[in-house]
$ cat upload-v2.cif   # mmCIF, C-alpha atoms
data_my_file
#
loop_
_atom_site.label_atom_id
_atom_site.label_comp_id
_atom_site.auth_asym_id
_atom_site.auth_seq_id
_atom_site.Cartn_x
_atom_site.Cartn_y
_atom_site.Cartn_z
CA MET A 1 -33.48 -18.31 16.74
CA PHE A 2 -33.47 -17.96 20.55
CA ASN A 3 -31.27 -21.03 20.94
CA GLU A 4 -28.94 -19.81 18.19
CA MET A 5 -28.44 -16.31 19.61
CA LEU A 6 -28.47 -16.79 23.38
CA ASN A 7 -27.32 -19.59 25.62
CA ARG A 8 -29.47 -20.89 28.46
CA ARG A 9 -27.73 -18.88 31.15
CA GLU A 10 -28.20 -15.62 29.24
CA ALA A 11 -31.87 -16.47 28.69
CA LEU A 12 -32.43 -16.98 32.42
CA LYS A 13 -30.76 -13.66 33.17
CA LEU A 14 -32.97 -11.87 30.68
CA SER A 15 -36.06 -13.60 32.03
CA ALA A 16 -35.22 -12.66 35.60
CA ALA A 17 -34.75 -9.06 34.54
CA GLY A 18 -38.14 -9.04 32.89
CA VAL A 19 -36.73 -8.59 29.41
CA LEU A 20 -38.65 -11.50 27.94
CA GLY A 21 -41.88 -9.83 28.94
CA PHE A 22 -41.07 -6.72 26.94
CA SER A 23 -42.40 -5.89 23.54
CA ALA A 24 -41.16 -7.62 20.43
CA SER A 25 -39.32 -4.46 19.41
CA ASN A 26 -37.16 -4.57 22.54
CA TRP A 27 -36.51 -8.26 21.96
CA LEU A 28 -35.38 -7.57 18.41
CA ASN A 29 -33.11 -4.80 19.66
CA ILE A 30 -31.38 -7.31 21.94
CA LEU A 31 -30.92 -9.74 19.06
CA ALA A 32 -29.57 -6.97 16.86
CA ALA A 33 -27.07 -5.97 19.52
CA ARG A 34 -25.88 -9.56 19.89
CA ALA A 35 -25.54 -9.90 16.13
CA GLY A 36 -23.49 -6.69 16.09
CA GLU A 37 -21.16 -8.09 18.75
CA THR A 38 -20.68 -11.24 16.64
CA ARG A 39 -19.78 -9.20 13.58
CA GLN A 40 -17.24 -7.15 15.55
CA GLN A 41 -15.53 -10.33 16.73
CA THR A 42 -14.85 -11.47 13.17
CA LYS A 43 -11.15 -11.02 12.43
CA ASN A 44 -9.44 -9.29 9.51
CA CYS A 45 -5.87 -9.56 8.25
CA ILE A 46 -3.47 -7.16 6.55
CA LEU A 47 -0.28 -8.69 5.17
CA LEU A 48 2.57 -6.27 4.48
CA TRP A 49 4.58 -8.38 2.07
CA MET A 50 8.28 -7.47 1.72
CA ALA A 51 9.07 -9.05 -1.65
CA GLY A 52 12.67 -10.14 -2.07
CA GLY A 53 13.41 -11.13 1.51
CA PRO A 54 14.40 -8.40 4.00
CA SER A 55 17.60 -8.73 6.00
CA HIS A 56 16.67 -9.65 9.57
CA LYS A 57 20.12 -8.57 10.68
CA ASP A 58 19.45 -5.02 9.48
CA THR A 59 15.83 -4.66 10.65
CA PHE A 60 14.60 -6.60 13.71
CA ASP A 61 17.53 -8.78 14.86
CA LEU A 62 20.64 -6.59 14.67
CA ARG A 63 24.18 -7.36 15.81
CA PRO A 64 25.83 -3.90 15.90
CA GLY A 65 29.54 -3.75 16.57
CA THR A 66 30.23 -7.27 15.30
CA ASP A 67 32.35 -8.10 12.26
CA GLN A 68 29.36 -8.86 10.01
CA GLY A 69 26.82 -6.68 11.80
CA GLY A 70 26.74 -3.79 9.36
CA PRO A 71 26.57 -0.06 10.11
CA PHE A 72 23.08 0.21 11.63
CA ARG A 73 22.47 0.91 15.33
CA ASN A 74 19.86 -0.52 17.65
CA ILE A 75 17.33 1.76 19.33
CA GLN A 76 15.26 1.11 22.42
CA THR A 77 11.55 0.49 21.89
CA ALA A 78 8.48 1.12 24.04
CA VAL A 79 9.09 -2.29 25.64
CA PRO A 80 12.14 -2.44 27.93
CA GLY A 81 14.72 -4.88 26.62
CA ILE A 82 13.46 -4.97 23.03
CA GLN A 83 15.63 -3.18 20.51
CA ILE A 84 15.25 -2.81 16.74
CA SER A 85 16.89 -0.92 13.88
CA GLU A 86 17.33 2.83 14.19
CA HIS A 87 15.42 3.14 10.90
CA PHE A 88 12.12 2.16 12.56
CA PRO A 89 11.77 4.99 15.10
CA GLN A 90 7.98 5.32 14.81
CA PHE A 91 7.34 1.61 15.01
CA ALA A 92 9.64 1.41 18.03
CA ARG A 93 7.04 3.42 19.96
CA LEU A 94 4.32 0.88 19.08
CA THR A 95 6.03 -2.38 20.00
CA ASP A 96 3.74 -2.90 22.99
CA HIS A 97 1.19 -3.99 20.34
CA ALA A 98 3.66 -6.18 18.44
CA ALA A 99 5.29 -9.58 18.63
CA ILE A 100 8.65 -9.82 16.87
CA ILE A 101 9.35 -13.38 15.77
CA ARG A 102 13.13 -13.75 15.51
CA SER A 103 13.21 -17.50 14.98
CA MET A 104 11.62 -18.08 11.58
CA SER A 105 13.33 -21.11 10.06
CA THR A 106 12.05 -22.36 6.72
CA SER A 107 13.18 -24.61 3.92
CA GLU A 108 12.88 -22.72 0.61
CA GLY A 109 15.69 -20.43 -0.53
CA ALA A 110 14.55 -19.46 -4.06
CA HIS A 111 12.25 -16.46 -4.42
CA ALA A 112 9.36 -18.06 -6.29
CA ARG A 113 9.27 -21.27 -4.28
CA ALA A 114 9.73 -19.48 -0.95
CA SER A 115 7.01 -16.93 -1.76
CA TYR A 116 4.61 -19.70 -2.70
CA ASN A 117 5.50 -21.60 0.46
CA MET A 118 4.96 -18.62 2.78
CA HIS A 119 1.68 -17.67 1.09
CA THR A 120 0.13 -21.14 1.01
CA GLY A 121 1.93 -23.19 3.66
CA TYR A 122 2.71 -25.83 1.02
CA ARG A 123 5.61 -26.40 -1.34
CA GLU A 124 5.09 -25.64 -4.99
CA GLY A 125 4.17 -28.81 -6.87
CA GLN A 126 3.52 -30.76 -3.66
CA GLY A 127 0.96 -33.45 -4.43
CA GLY A 128 0.27 -32.04 -7.89
CA ILE A 129 -2.14 -29.49 -6.37
CA VAL A 130 -2.29 -25.70 -6.80
CA TYR A 131 -2.85 -24.60 -3.22
CA PRO A 132 -4.80 -21.52 -2.13
CA SER A 133 -3.03 -18.60 -0.52
CA MET A 134 -3.84 -17.50 3.01
CA GLY A 135 -5.81 -14.58 1.58
CA SER A 136 -8.13 -16.95 -0.25
CA ILE A 137 -8.43 -19.18 2.81
CA VAL A 138 -9.48 -16.16 4.88
CA ALA A 139 -11.91 -15.09 2.14
CA LYS A 140 -13.51 -18.54 2.23
CA GLU A 141 -13.55 -19.06 5.98
CA LEU A 142 -14.35 -15.54 7.20
CA GLY A 143 -15.69 -13.69 4.18
CA SER A 144 -19.29 -13.04 3.24
CA ASP A 145 -20.94 -14.69 0.24
CA THR A 146 -23.34 -11.79 -0.12
CA ALA A 147 -20.99 -8.84 0.44
CA SER A 148 -20.67 -6.46 -2.48
CA MET A 149 -17.08 -5.66 -1.53
CA PRO A 150 -14.46 -8.33 -2.30
CA ASN A 151 -13.21 -10.41 0.62
CA PHE A 152 -9.58 -10.42 -0.61
CA VAL A 153 -7.71 -7.48 -2.15
CA SER A 154 -4.07 -7.44 -3.26
CA VAL A 155 -2.51 -3.97 -3.52
CA GLY A 156 0.58 -3.32 -5.59
CA ASN A 157 1.11 -6.76 -7.02
CA ARG A 158 -0.72 -9.61 -8.76
CA ASN A 159 -0.27 -12.18 -6.09
CA TYR A 160 -0.90 -15.80 -5.18
CA GLY A 161 -4.58 -16.58 -5.50
CA SER A 162 -7.21 -19.15 -4.73
CA GLY A 163 -5.67 -22.27 -6.24
CA PHE A 164 -8.10 -25.18 -6.24
CA LEU A 165 -10.70 -23.12 -4.33
CA GLY A 166 -11.67 -21.45 -7.60
CA ALA A 167 -12.42 -17.98 -8.96
CA ARG A 168 -14.86 -17.11 -6.20
CA PHE A 169 -11.97 -16.57 -3.77
CA GLN A 170 -9.52 -14.89 -6.12
CA PRO A 171 -8.13 -11.52 -5.00
CA LEU A 172 -9.14 -8.25 -6.56
CA VAL A 173 -5.84 -6.70 -7.69
CA VAL A 174 -5.22 -2.96 -7.31
CA ASN A 175 -2.03 -2.11 -9.16
CA ASP A 176 -1.83 1.55 -8.15
CA PRO A 177 -3.45 2.60 -4.86
CA ALA A 178 -3.46 6.25 -5.92
CA ARG A 179 -5.73 5.38 -8.85
CA GLY A 180 -7.88 2.86 -7.00
CA VAL A 181 -9.97 0.39 -8.98
CA GLU A 182 -10.33 1.79 -12.44
CA ASN A 183 -13.31 1.33 -14.77
CA LEU A 184 -15.83 1.09 -11.93
CA ARG A 185 -17.96 3.90 -13.29
CA THR A 186 -20.62 2.60 -15.66
CA GLY A 187 -20.73 5.77 -17.79
CA VAL A 188 -24.44 5.28 -18.49
CA ALA A 189 -27.72 5.62 -16.61
CA ALA A 190 -28.69 2.86 -14.21
CA ASN A 191 -31.45 1.48 -16.44
CA GLN A 192 -29.07 1.30 -19.40
CA PHE A 193 -26.45 -0.41 -17.29
CA ASN A 194 -28.98 -2.98 -16.06
CA SER A 195 -30.12 -3.66 -19.64
CA ARG A 196 -26.55 -4.29 -20.71
CA VAL A 197 -26.00 -6.64 -17.79
CA ASP A 198 -29.14 -8.56 -18.78
CA LEU A 199 -27.84 -8.84 -22.35
CA LEU A 200 -24.47 -10.03 -21.06
CA GLU A 201 -26.19 -12.73 -19.01
CA GLU A 202 -27.97 -13.95 -22.14
CA LEU A 203 -24.67 -14.14 -24.00
CA GLU A 204 -23.22 -16.02 -21.05
CA GLN A 205 -25.63 -18.88 -21.69
CA GLY A 206 -23.95 -19.51 -25.02
CA PHE A 207 -20.52 -19.45 -23.37
CA HIS A 208 -21.67 -21.99 -20.78
CA SER A 209 -22.92 -24.36 -23.44
CA THR A 210 -19.54 -24.48 -25.23
CA HIS A 211 -17.11 -24.64 -22.28
CA ASN A 212 -16.56 -27.07 -19.45
CA ALA A 213 -18.40 -26.44 -16.21
CA GLN A 214 -15.38 -25.29 -14.20
CA THR A 215 -14.26 -22.75 -16.81
CA ALA A 216 -17.81 -21.50 -17.32
CA GLU A 217 -18.40 -21.08 -13.60
CA ALA A 218 -15.13 -19.16 -13.16
CA HIS A 219 -16.13 -16.88 -16.03
CA ARG A 220 -19.57 -16.26 -14.55
CA THR A 221 -18.16 -15.63 -11.07
CA THR A 222 -15.70 -13.04 -12.38
CA ILE A 223 -18.43 -11.13 -14.21
CA GLN A 224 -20.83 -11.27 -11.27
CA ARG A 225 -18.17 -9.91 -8.92
CA ALA A 226 -17.40 -7.04 -11.28
CA VAL A 227 -21.06 -6.10 -11.73
CA THR A 228 -21.75 -6.26 -8.01
CA LEU A 229 -18.77 -4.03 -7.28
CA MET A 230 -19.80 -1.49 -9.93
CA ARG A 231 -23.25 -1.21 -8.36
CA ASP A 232 -22.01 -0.70 -4.80
CA SER A 233 -21.29 2.61 -3.08
CA GLY A 234 -18.68 0.88 -0.91
CA THR A 235 -16.20 1.27 -3.73
CA ALA A 236 -15.46 4.69 -2.23
CA ALA A 237 -13.15 2.76 0.11
CA PHE A 238 -10.73 2.39 -2.80
CA ASP A 239 -10.45 6.17 -3.16
CA ILE A 240 -7.71 7.35 -0.82
CA SER A 241 -8.07 10.94 -2.10
CA ARG A 242 -11.03 11.19 0.28
CA GLU A 243 -8.61 11.18 3.21
CA SER A 244 -7.30 14.43 4.67
CA SER A 245 -3.89 15.69 3.62
CA ALA A 246 -2.69 15.20 7.20
CA THR A 247 -3.68 11.53 7.19
CA ARG A 248 -2.11 10.90 3.81
CA SER A 249 1.06 12.63 4.92
CA ALA A 250 1.27 10.43 8.02
CA TYR A 251 1.49 7.32 5.83
CA GLY A 252 4.25 8.80 3.69
CA SER A 253 4.33 9.66 0.00
CA SER A 254 5.41 6.23 -1.24
CA LYS A 255 3.17 3.80 -3.13
CA PHE A 256 3.56 1.46 -0.18
CA GLY A 257 2.28 4.15 2.19
CA GLU A 258 -0.70 4.73 -0.10
CA GLY A 259 -1.31 0.99 -0.14
CA CYS A 260 -1.33 0.82 3.65
CA LEU A 261 -3.82 3.69 3.80
CA MET A 262 -6.04 1.87 1.30
CA ALA A 263 -5.74 -1.30 3.40
CA ARG A 264 -7.09 0.53 6.44
CA ARG A 265 -9.99 1.92 4.40
CA LEU A 266 -10.77 -1.50 2.95
CA VAL A 267 -10.79 -3.28 6.31
CA GLU A 268 -13.04 -0.54 7.62
CA ALA A 269 -15.38 -1.22 4.68
CA GLY A 270 -15.55 -4.94 5.43
CA VAL A 271 -12.76 -6.49 3.32
CA LYS A 272 -11.40 -9.44 5.29
CA TYR A 273 -7.89 -9.77 3.87
CA VAL A 274 -5.66 -7.14 2.25
CA GLU A 275 -2.12 -7.71 1.03
CA VAL A 276 0.14 -4.73 0.36
CA THR A 277 3.45 -5.41 -1.40
CA LEU A 278 6.73 -3.52 -1.17
CA GLY A 279 9.40 -4.94 -3.47
CA GLY A 280 13.12 -4.31 -3.67
CA TRP A 281 14.37 -6.35 -0.71
CA ASP A 282 16.54 -8.66 -2.83
CA THR A 283 19.69 -6.91 -1.66
CA HIS A 284 22.56 -8.95 -3.04
CA GLN A 285 24.23 -5.62 -3.74
CA ASN A 286 24.17 -2.28 -1.94
CA ASN A 287 22.30 -3.88 0.94
CA PHE A 288 22.67 -1.17 3.54
CA GLU A 289 21.63 1.81 1.45
CA ARG A 290 18.67 -0.08 0.02
CA VAL A 291 17.51 -1.38 3.40
CA ARG A 292 17.77 2.16 4.80
CA THR A 293 15.63 3.51 1.95
CA LEU A 294 13.04 0.74 2.17
CA SER A 295 12.85 1.00 5.95
CA SER A 296 12.11 4.72 5.62
CA GLN A 297 9.03 3.77 3.58
CA VAL A 298 7.89 0.99 5.89
CA ASP A 299 8.26 2.82 9.20
CA PRO A 300 5.79 5.70 8.69
CA ALA A 301 3.32 3.60 6.68
CA MET A 302 3.16 0.61 9.03
CA SER A 303 3.13 2.85 12.10
CA ALA A 304 0.33 5.08 10.76
CA LEU A 305 -1.64 1.96 9.88
CA ILE A 306 -1.33 0.59 13.41
CA ARG A 307 -2.25 3.92 15.00
CA ASP A 308 -5.21 4.36 12.66
CA LEU A 309 -6.54 0.87 13.37
CA LYS A 310 -6.15 1.45 17.10
CA ASP A 311 -7.91 4.85 16.99
CA ARG A 312 -10.82 3.27 15.10
CA ASN A 313 -11.08 0.32 17.51
CA LEU A 314 -10.08 -2.07 14.73
CA LEU A 315 -6.63 -3.19 15.92
CA ASP A 316 -7.87 -5.93 18.28
CA ASN A 317 -9.78 -7.48 15.37
CA THR A 318 -7.15 -6.88 12.68
CA LEU A 319 -3.95 -8.92 12.50
CA VAL A 320 -1.16 -7.00 10.76
CA ILE A 321 1.75 -9.13 9.50
CA TRP A 322 5.12 -7.83 8.27
CA MET A 323 7.22 -10.43 6.48
CA GLY A 324 9.01 -11.53 3.33
CA GLU A 325 9.81 -14.94 1.90
CA PHE A 326 13.07 -15.41 3.87
CA GLY A 327 15.93 -13.44 5.42
CA ARG A 328 19.43 -12.56 4.24
CA THR A 329 22.77 -14.11 5.05
CA PRO A 330 24.41 -13.12 8.34
CA ARG A 331 27.65 -12.66 6.43
CA ILE A 332 28.16 -9.74 4.08
CA ASN A 333 29.12 -10.93 0.60
CA ALA A 334 32.16 -9.72 -1.35
CA ARG A 335 30.53 -7.67 -4.11
CA GLY A 336 33.11 -4.94 -4.46
CA ALA A 337 32.18 -1.42 -3.44
CA GLN A 338 28.51 -2.30 -2.91
CA PRO A 339 28.38 -5.49 -0.81
CA GLY A 340 25.12 -7.14 0.11
CA ARG A 341 23.54 -10.13 1.75
CA ASP A 342 22.24 -13.24 -0.02
CA HIS A 343 19.19 -15.52 0.43
CA TYR A 344 18.86 -17.11 3.87
CA PRO A 345 15.82 -19.12 5.02
CA ARG A 346 17.58 -20.79 7.93
CA ALA A 347 17.01 -17.93 10.42
CA TRP A 348 15.00 -14.75 9.90
CA SER A 349 12.36 -12.43 11.37
CA SER A 350 8.71 -11.56 10.94
CA VAL A 351 6.36 -9.31 12.91
CA MET A 352 2.74 -9.63 14.04
CA VAL A 353 0.67 -6.76 15.42
CA GLY A 354 -2.88 -6.62 16.79
CA GLY A 355 -5.48 -9.27 16.09
CA GLY A 356 -5.80 -10.08 19.78
CA ILE A 357 -2.27 -11.47 20.13
CA LYS A 358 -0.11 -10.70 23.15
CA GLY A 359 2.11 -7.82 22.10
CA GLY A 360 5.25 -6.43 23.68
CA GLN A 361 7.31 -9.57 23.28
CA VAL A 362 9.98 -11.28 21.22
CA ILE A 363 9.44 -14.87 20.13
CA GLY A 364 12.53 -17.05 19.70
CA ARG A 365 16.20 -16.22 19.52
CA THR A 366 19.13 -16.59 17.16
CA ASP A 367 22.79 -17.08 18.03
CA ALA A 368 25.49 -14.42 18.33
CA GLU A 369 25.73 -14.00 14.55
CA ALA A 370 21.95 -14.21 13.89
CA ALA A 371 22.79 -17.27 11.82
CA THR A 372 21.06 -20.12 13.65
CA VAL A 373 17.86 -20.35 15.63
CA VAL A 374 18.66 -21.42 19.18
CA GLU A 375 15.23 -20.93 20.79
CA ARG A 376 11.70 -21.76 19.55
CA PRO A 377 12.22 -22.33 15.80
CA VAL A 378 9.12 -21.36 13.80
CA SER A 379 8.53 -23.33 10.61
CA THR A 380 6.27 -22.37 7.73
CA LEU A 381 3.59 -24.71 9.12
CA ASP A 382 3.92 -23.22 12.61
CA PHE A 383 3.58 -19.72 11.23
CA MET A 384 0.53 -20.50 9.08
CA ALA A 385 -1.20 -22.30 11.94
CA THR A 386 -0.48 -19.32 14.21
CA VAL A 387 -2.07 -16.92 11.73
CA CYS A 388 -5.11 -19.18 11.50
CA ARG A 389 -5.46 -19.35 15.26
CA ALA A 390 -5.18 -15.56 15.59
CA LEU A 391 -7.94 -15.15 13.00
CA GLY A 392 -10.21 -17.80 14.50
CA ILE A 393 -9.75 -20.36 11.71
CA ASP A 394 -9.32 -24.07 12.44
CA HIS A 395 -6.03 -24.86 10.71
CA ASN A 396 -6.88 -28.59 10.80
CA LYS A 397 -9.99 -28.11 8.67
CA GLN A 398 -10.02 -29.79 5.27
CA ASN A 399 -11.14 -28.44 1.91
CA VAL A 400 -11.84 -30.75 -1.01
CA ALA A 401 -9.83 -30.34 -4.23
CA PRO A 402 -11.54 -30.88 -7.62
CA ASN A 403 -10.12 -34.40 -7.75
CA GLY A 404 -11.97 -35.24 -4.53
CA ARG A 405 -8.86 -35.21 -2.38
CA PRO A 406 -9.25 -33.62 1.09
CA ILE A 407 -6.62 -30.92 1.67
CA ARG A 408 -5.89 -29.52 5.12
CA ILE A 409 -5.72 -25.73 5.46
CA VAL A 410 -2.33 -26.27 7.14
CA ASP A 411 -0.53 -29.57 6.68
CA ARG A 412 0.16 -31.95 9.55
CA GLY A 413 2.95 -31.16 11.98
CA ALA A 414 2.07 -27.51 12.68
CA ASN A 415 2.72 -26.15 16.17
CA PRO A 416 1.14 -22.69 16.67
CA ILE A 417 3.10 -20.20 18.75
CA SER A 418 1.34 -20.55 22.08
CA GLN A 419 3.08 -17.53 23.66
CA LEU A 420 1.04 -15.23 21.44
CA PHE A 421 -2.33 -16.26 22.89
#
$ encode --input "upload-v2.cif" --output "structure tokens"
Amino acid sequence: MFNEMLNRREALKLSAAGVLGFSASNWLNILAARAGETRQQTKNCILLWMAGGPSHKDTFDLRPGTDQGGPFRNIQTAVPGIQISEHFPQFARLTDHAAIIRSMSTSEGAHARASYNMHTGYREGQGGIVYPSMGSIVAKELGSDTASMPNFVSVGNRNYGSGFLGARFQPLVVNDPARGVENLRTGVAANQFNSRVDLLEELEQGFHSTHNAQTAEAHRTTIQRAVTLMRDSGTAAFDISRESSATRSAYGSSKFGEGCLMARRLVEAGVKYVEVTLGGWDTHQNNFERVRTLSSQVDPAMSALIRDLKDRNLLDNTLVIWMGEFGRTPRINARGAQPGRDHYPRAWSSVMVGGGIKGGQVIGRTDAEAATVVERPVSTLDFMATVCRALGIDHNKQNVAPNGRPIRIVDRGANPISQLF
């Protein structure tokens, strides 16, 4: 254990200080402290998923005063020289913790395929494999096998899951953050509940004998996860009503704000990956009014989340990502009285906050119309590898699919964004 916990240099220091001559209790205290430091260094991730594809030109890469720029103004942020939409005033004061990536350039322009691509790093149908999402990768690589709390929670949407990794790394889905995880209360005394679980396990034996091994194991895993969660007091983390009215108000009254508050509670309780979804960004029509409304939900919620994580000393170990599946066209379409912007994967923006990255910077640049990336294009592979590096995951590592084929966490050709580290 000595060799596992302390390197030779640390051992010599302790010996010189007389620590190794102390009682066993002091020695164990040192080991416990080191173990605590190791746990604190483990990273978490919160993905704020903007379903539909937010317009980069109306959020984080504006062109006010130009023909196709739209009506929104830029405002100055906490970092000199960085400007963003006027509809993110709270977040503007927190940009010293953030990196705005203005040079996302990806290949999928249809919602389903682009969402799959940005969640997994692979194209749908590529190689005939169902690939795991980043949430499931994090659950596998950083999660605990023995934790009673799930390692991956998806709030507000049934999202991309574990693919070939299996049921063990599937997300727990919370449809309504205000209601938490329903049906967790057993409704009976503990001894009765345990008896029923024992009976269920007996019935499971019959199920296993009549179904193939993979199906049976998935079934067993799902039931075991549910029972473990029902027995654990940590499920209080799903109950946002325990927060003060002032805290809840800071996040805003929207479902998205409630989801962000739940995400903070879940990370605090040991959940490694939380995804919170805000839909409605598919703004082919009425783009500007809809982006204004959606931004007014994102700004207080995301900003309160960042402040909360920072106040609780969790921000350095928690990577917060704001992104959708692509951007919107630089040109405003001709849709009558309510014009909008269409799908556009060629150039768009995402945001990373915390997680030990270097904040207060902009990565990449688009041209005068925000139509083409002219500096440091970031592909899907680059982005996924960057997330892995921020979380301490080797993106070159391989997992084995059921057919025996080794599958890289991120496919070949990835170039992580070095400026962030």
$ resolve_selection --input "upload-v2.cif" --expression "the PyMOL selection byres ((chain A and resi 340-352) around 7)" --output "MDAnalysis selection string"
chainID A and resid 56 60 98:109 283:287 319:323 326:329 331:333 335 338:339 353:354 371:373
$ closest_residue --input "upload-v2.cif" --among "A:Gly121, A:Gly135, A:Pro64, A:Gly413" --to "Gln170 (chain A)" --atoms "all atoms listed in the file"
A:Gly135
$ residues_around --input "upload-v2.cif" --residues "region 306-310 of chain A" --least-positions-apart "5" --cutoff "12 Å" --atoms "only C-alpha atoms" --output "number ranges by chain"
A: 44-46, 48, 90-98, 247-248, 250-251, 260-268, 298-301, 315-322, 352-356
$ residues_around --input "upload-v2.cif" --residues "region 374-376 of chain A" --least-positions-apart "5" --cutoff "9 Å" --atoms "only C-alpha atoms" --output "list of chain:residue names"
A:Ser103, A:Met104, A:Ile363, A:Gly364, A:Arg365, A:Thr366, A:Asp367, A:Ile417
$ residues_near_point --input "upload-v2.cif" --point "(8.6, -25.1, 11.0)" --cutoff "8 Å" --atoms "only C-alpha atoms" --output "PDB file with C-alpha atoms, in the frame of the given file"
ATOM      1  CA  MET A 104      11.620 -18.080  11.580  1.00  0.00           C
ATOM      2  CA  SER A 105      13.330 -21.110  10.060  1.00  0.00           C
ATOM      3  CA  THR A 106      12.050 -22.360   6.720  1.00  0.00           C
ATOM      4  CA  PRO A 377      12.220 -22.330  15.800  1.00  0.00           C
ATOM      5  CA  VAL A 378       9.120 -21.360  13.800  1.00  0.00           C
ATOM      6  CA  SER A 379       8.530 -23.330  10.610  1.00  0.00           C
ATOM      7  CA  THR A 380       6.270 -22.370   7.730  1.00  0.00           C
ATOM      8  CA  LEU A 381       3.590 -24.710   9.120  1.00  0.00           C
ATOM      9  CA  ASP A 382       3.920 -23.220  12.610  1.00  0.00           C
ATOM     10  CA  PHE A 383       3.580 -19.720  11.230  1.00  0.00           C
ATOM     11  CA  ALA A 414       2.070 -27.510  12.680  1.00  0.00           C
ATOM     12  CA  ASN A 415       2.720 -26.150  16.170  1.00  0.00           C
TER      13      ASN A 415
END
$ axis_aligned_box --input "upload-v2.cif" --around "region 347-357 of chain A" --padding-each-side "6 Å" --output "AutoDock Vina command-line options"
--center_x 5.6 --center_y -12.3 --center_z 15.0 --size_x 34.8 --size_y 23.3 --size_z 22.2
$ residues_around --input "upload-v2.cif" --residues "Asn157 (chain A)" --least-positions-apart "5" --cutoff "12 Å" --atoms "only C-alpha atoms" --output "NGL selection string"
:A and (48-51 or 171-177 or 255-256 or 259 or 274-279)
$ residues_around --input "upload-v2.cif" --residues "Ser85 (chain A)" --least-positions-apart "3" --cutoff "8 Å" --atoms "only C-alpha atoms" --output "PDB file with C-alpha atoms, in the coordinates of the input"
ATOM      1  CA  ASP A  58      19.450  -5.020   9.480  1.00  0.00           C
ATOM      2  CA  THR A  59      15.830  -4.660  10.650  1.00  0.00           C
ATOM      3  CA  PHE A  60      14.600  -6.600  13.710  1.00  0.00           C
ATOM      4  CA  ASP A  61      17.530  -8.780  14.860  1.00  0.00           C
ATOM      5  CA  LEU A  62      20.640  -6.590  14.670  1.00  0.00           C
ATOM      6  CA  PHE A  72      23.080   0.210  11.630  1.00  0.00           C
ATOM      7  CA  ARG A  73      22.470   0.910  15.330  1.00  0.00           C
ATOM      8  CA  ASN A  74      19.860  -0.520  17.650  1.00  0.00           C
ATOM      9  CA  ILE A  75      17.330   1.760  19.330  1.00  0.00           C
ATOM     10  CA  PHE A  88      12.120   2.160  12.560  1.00  0.00           C
ATOM     11  CA  PRO A  89      11.770   4.990  15.100  1.00  0.00           C
TER      12      PRO A  89
END
$ residues_near_point --input "upload-v2.cif" --point "(-3.8, -31.6, 13.1)" --cutoff "12 Å" --atoms "all atoms listed in the file" --output "PDB file with C-alpha atoms, in the frame of the given file"
ATOM      1  CA  LEU A 381       3.590 -24.710   9.120  1.00  0.00           C
ATOM      2  CA  ASP A 382       3.920 -23.220  12.610  1.00  0.00           C
ATOM      3  CA  ALA A 385      -1.200 -22.300  11.940  1.00  0.00           C
ATOM      4  CA  ASP A 394      -9.320 -24.070  12.440  1.00  0.00           C
ATOM      5  CA  HIS A 395      -6.030 -24.860  10.710  1.00  0.00           C
ATOM      6  CA  ASN A 396      -6.880 -28.590  10.800  1.00  0.00           C
ATOM      7  CA  LYS A 397      -9.990 -28.110   8.670  1.00  0.00           C
ATOM      8  CA  GLN A 398     -10.020 -29.790   5.270  1.00  0.00           C
ATOM      9  CA  ILE A 407      -6.620 -30.920   1.670  1.00  0.00           C
ATOM     10  CA  ARG A 408      -5.890 -29.520   5.120  1.00  0.00           C
ATOM     11  CA  ILE A 409      -5.720 -25.730   5.460  1.00  0.00           C
ATOM     12  CA  VAL A 410      -2.330 -26.270   7.140  1.00  0.00           C
ATOM     13  CA  ASP A 411      -0.530 -29.570   6.680  1.00  0.00           C
ATOM     14  CA  ARG A 412       0.160 -31.950   9.550  1.00  0.00           C
ATOM     15  CA  GLY A 413       2.950 -31.160  11.980  1.00  0.00           C
ATOM     16  CA  ALA A 414       2.070 -27.510  12.680  1.00  0.00           C
ATOM     17  CA  ASN A 415       2.720 -26.150  16.170  1.00  0.00           C
ATOM     18  CA  PRO A 416       1.140 -22.690  16.670  1.00  0.00           C
TER      19      PRO A 416
END
$ resolve_selection --input "upload-v2.cif" --expression "the PyMOL selection byres ((chain A and resi 131) around 8)" --output "CSV table (one decimal) with C-alpha atoms, in the frame of the given file"
chain,number,residue,atom,x,y,z
A,120,THR,CA,0.1,-21.1,1.0
A,122,TYR,CA,2.7,-25.8,1.0
A,129,ILE,CA,-2.1,-29.5,-6.4
A,130,VAL,CA,-2.3,-25.7,-6.8
A,132,PRO,CA,-4.8,-21.5,-2.1
A,133,SER,CA,-3.0,-18.6,-0.5
A,162,SER,CA,-7.2,-19.2,-4.7
A,163,GLY,CA,-5.7,-22.3,-6.2
A,164,PHE,CA,-8.1,-25.2,-6.2
$ resolve_selection --input "upload-v2.cif" --expression "the PyMOL selection byres ((chain A and resi 241) around 12)" --output "list in words"
Pro177, Ala178, Arg179, Gly180, Ala236, Ala237, Phe238, Asp239, Ile240, Arg242, Glu243, Ser244, Ser245, Ala246, Thr247, Arg248, Ser249, Glu258, Leu261, Met262 and Arg265 of chain A
$ residues_around --input "upload-v2.cif" --residues "region 294-297 of chain A" --least-positions-apart "6" --cutoff "7 Å" --atoms "all atoms listed in the file" --output "ChimeraX atom specification"
/A:87-88,252,254,257
$ closest_residue --input "upload-v2.cif" --among "A:Gln361, A:Ser154, A:Met134, A:Arg63" --to "Val79 (chain A)" --atoms "only C-alpha atoms"
A:Gln361
$ atom_distance --input "upload-v2.cif" --atom1 "CA of Gln83 (chain A)" --atom2 "CA of Gly324 (chain A)"
20.2 Å
